[in-house]
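Working notes for the structure below.
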Amino acid sequence: MELSEPSPVNALLLAGEMVVLAWLFAAEDVGRIGLVLLVVTGVICVLAIAISKFPSGALLLLVASAAMPRFAGTLFGLHVRIEHVAIGLVAVLLAIHLYRKHFRSSFRLKSYDYLLIVYLSLNFVSSAILSPEPRMTVRWAVLNAIAVCPYFLVRLLVKDESALFRTLHMMLWVGAAESAYGILSFISHYAFGTVSGVEVDQYGFTSAVYGTQYEANLFGSYTACCAIMSLALFVMAPRSGLRWWYGVSLAITTVGAIISLARAVSTSDAPRMMLIT
């Protein structure tokens with residue numbers, strides 16, 4: 001079998017990974033090599049998902065990263081989450097594919113797209129001119145603009161109804177995986193006392209499951225939305241095979257939503273919580 005010549009994009013990504021790996025081995029403690037290898041493996045997997053079967057891999061990366069806002073760090077003074085990194089990576093890959101004409105998009109701006117662009121522009125203008133702390137508010141305007149970028153990326157990547165349906169399936173199964181992780185975290189916490197995916201003593205004495213979401217309420221909202229969509233597809237499924245898979249997704253996400261409600265507040269905190277609500 002004749003091997004094909006690697007593309008410049010793949011060669012560039014591989015070279016970058018090798019440089020990062022070499023730097024980490026030189027800079028980090030030898031005892032943390034296992035952690036470093038795990039991180040590098042995760043980076044390689046993310047790149048493989050984004051590059052494979054473009055644009056499906058890029059859409060999967062966007063959907064999966066949106067379910068993991070708990071993972072965050074600081075980059076150039078910005079509080080960056082994993083979804084921000086995924087958005088930047090997908091945008092770069094899309095620009096490369098468009099430049100090399102390996103991908104064509106039928107995207108056309110609509111009236112509501114212009115309204116969204118005007119909103120983002122006004123957000124930057126007001127943050128820079130009217131804010132008493134422009135440096136801080138412009139930073140948040142940048143993060144807000146990054147958060148809106150997936151809307152345009154999905155519009156560019158999803159070209160037809162079948163692609164939209166595949167993306168919906170991705171979201172449902174990512175939601176099922178998120179729910180399954182939350183369920184395992186819940187069981188492990190009460191069975192073995194682990195705290196992974198669980199906010200301990202959120203309201204003073206009770207624990208709340210957040211999975212990979214930012215906090216427990218978002219976990220509940222996310223799993224409940226996925227459960228509703230699974231129910232809709234379960235009812236409308238034309239074949240029994242599809243109905244079975246939608247039923248599995250519905251069951252997992254429903255249990256996840258119920259687990260998110262397995263919290264309570266103390267009697268002394270109840271009036272205060274009612275006022276906050």
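Following the order of the structure tokens, first chain is A, next is B, and so on, with residues numbered from 1 inside each chain and ligands from 1 in the order they appear.
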Q: Extract, using only C-alpha atoms, all DNA, RNA and protein residues at most 12 Å from Ser260 of chain A, discarding same-chain residues fewer than 2 positions from it, and format them as number ranges by chain.
A: A: 179, 182-183, 185-186, 197-199, 207-211, 213, 215-224, 253-258, 262-264
**Message:** DSSP on the backbone, helix (DSSP H, G or I) only: what residues of segment 52-264 of chain A does that give? Format it as a ChimeraX atom specification.
**Reply:** /A:56-66,82-99,111-129,134-157,161-192,216-236,240-260
As a check of understanding: the span from atom CA of Ser65 of chain A to atom CA of Tyr190 of chain A is 27.6 Å
Backbone DSSP call of strand (DSSP E) for segment 26-170 of chain A, listed as a ChimeraX atom specification
/A:72-75,78-81
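With only C-alpha atoms taken into account, the protein and nucleic acid residues at most 12 Å from Met229 of chain A (excluding it and anything under 6 positions from it in its own chain) are A:Leu168, A:His169, A:Met171, A:Leu172, A:Trp173, A:Gly175, A:Ala176, A:Tyr222, A:Thr223, A:Val235, A:Met236, A:Ala237, A:Tyr246, A:Gly247, A:Ser249, A:Leu250, A:Ala251, A:Thr253, A:Thr254.
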For Phe54 of chain A, the closest of A:Met68, A:Ala147, A:Val125, A:Val90 counting only C-alpha atoms is A:Val90
If we count only C-alpha atoms, what is near Thr137 of chain A at a cut-off of 12 Å, once residues fewer than 5 positions away on the same chain are taken out, given as a list in words? Leu78, Asn123, Phe124, Val125, Ser126, Ser127, Ala128, Ile129, Leu130, Ser131, Pro132, Val142, Leu143 and Asn144 of chain A
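For the set A:Trp140, A:Trp244, A:Phe103, A:Phe152, the residue with the smallest atom-to-atom gap to Leu116 of chain A is A:Phe152, counting only C-alpha atoms.
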Just want the 6 Å neighbourhood of segment 79-83 of chain A, counted on only C-alpha atoms, with same-chain residues fewer than 6 positions away dropped. Output as an MDAnalysis selection string. chainID A and resid 65:66 69 71:73
Preceding selection exported with N, CA and C atoms as an mmCIF file, in the first residue's frame:
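Written file, out11.cif:
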```
data_model
loop_
_atom_site.group_PDB
_atom_site.id
_atom_site.type_symbol
_atom_site.label_atom_id
_atom_site.label_comp_id
_atom_site.auth_asym_id
_atom_site.auth_seq_id
_atom_site.Cartn_x
_atom_site.Cartn_y
_atom_site.Cartn_z
ATOM 1 N N SER A 65 -16.974 20.216 23.738
ATOM 2 C CA SER A 65 -16.317 21.218 24.581
ATOM 3 C C SER A 65 -17.335 22.098 25.291
ATOM 4 N N ALA A 66 -18.503 22.302 24.673
ATOM 5 C CA ALA A 66 -19.540 23.112 25.313
ATOM 6 C C ALA A 66 -20.104 22.445 26.548
ATOM 7 N N PRO A 69 -17.527 23.212 30.597
ATOM 8 C CA PRO A 69 -17.050 24.545 30.994
ATOM 9 C C PRO A 69 -16.317 24.556 32.336
ATOM 10 N N PHE A 71 -13.639 23.031 33.083
ATOM 11 C CA PHE A 71 -12.194 23.051 32.864
ATOM 12 C C PHE A 71 -11.799 24.414 32.311
ATOM 13 N N ALA A 72 -10.955 25.115 33.028
ATOM 14 C CA ALA A 72 -10.586 26.477 32.646
ATOM 15 C C ALA A 72 -9.165 26.766 33.083
ATOM 16 N N GLY A 73 -8.606 27.829 32.510
ATOM 17 C CA GLY A 73 -7.267 28.289 32.871
ATOM 18 C C GLY A 73 -7.118 29.748 32.489
#
```
Pairwise distance, atom CA of Leu156 of chain A with atom CA of Ser105 of chain A, equals 5.8 Å
Applying 10 Å and only C-alpha atoms, which residues near Arg104 of chain A remain after dropping the ones on its own chain fewer than 6 positions away? List them as a PyMOL selection string.
chain A and resi 94+97-98+156-157+159
Atoms kept (C-alpha atoms) for selection, written as a PDB file, in the first residue's frame:
```pdb
ATOM      1  CA  LEU A  94     -12.196  26.157   8.791  1.00  0.00           C
ATOM      2  CA  HIS A  97     -10.046  24.416   4.458  1.00  0.00           C
ATOM      3  CA  LEU A  98     -11.726  27.431   2.880  1.00  0.00           C
ATOM      4  CA  LEU A 156     -20.767  27.722   8.177  1.00  0.00           C
ATOM      5  CA  LEU A 157     -20.144  24.021   8.865  1.00  0.00           C
ATOM      6  CA  LYS A 159     -24.690  22.985   4.983  1.00  0.00           C
TER       7      LYS A 159
END
```
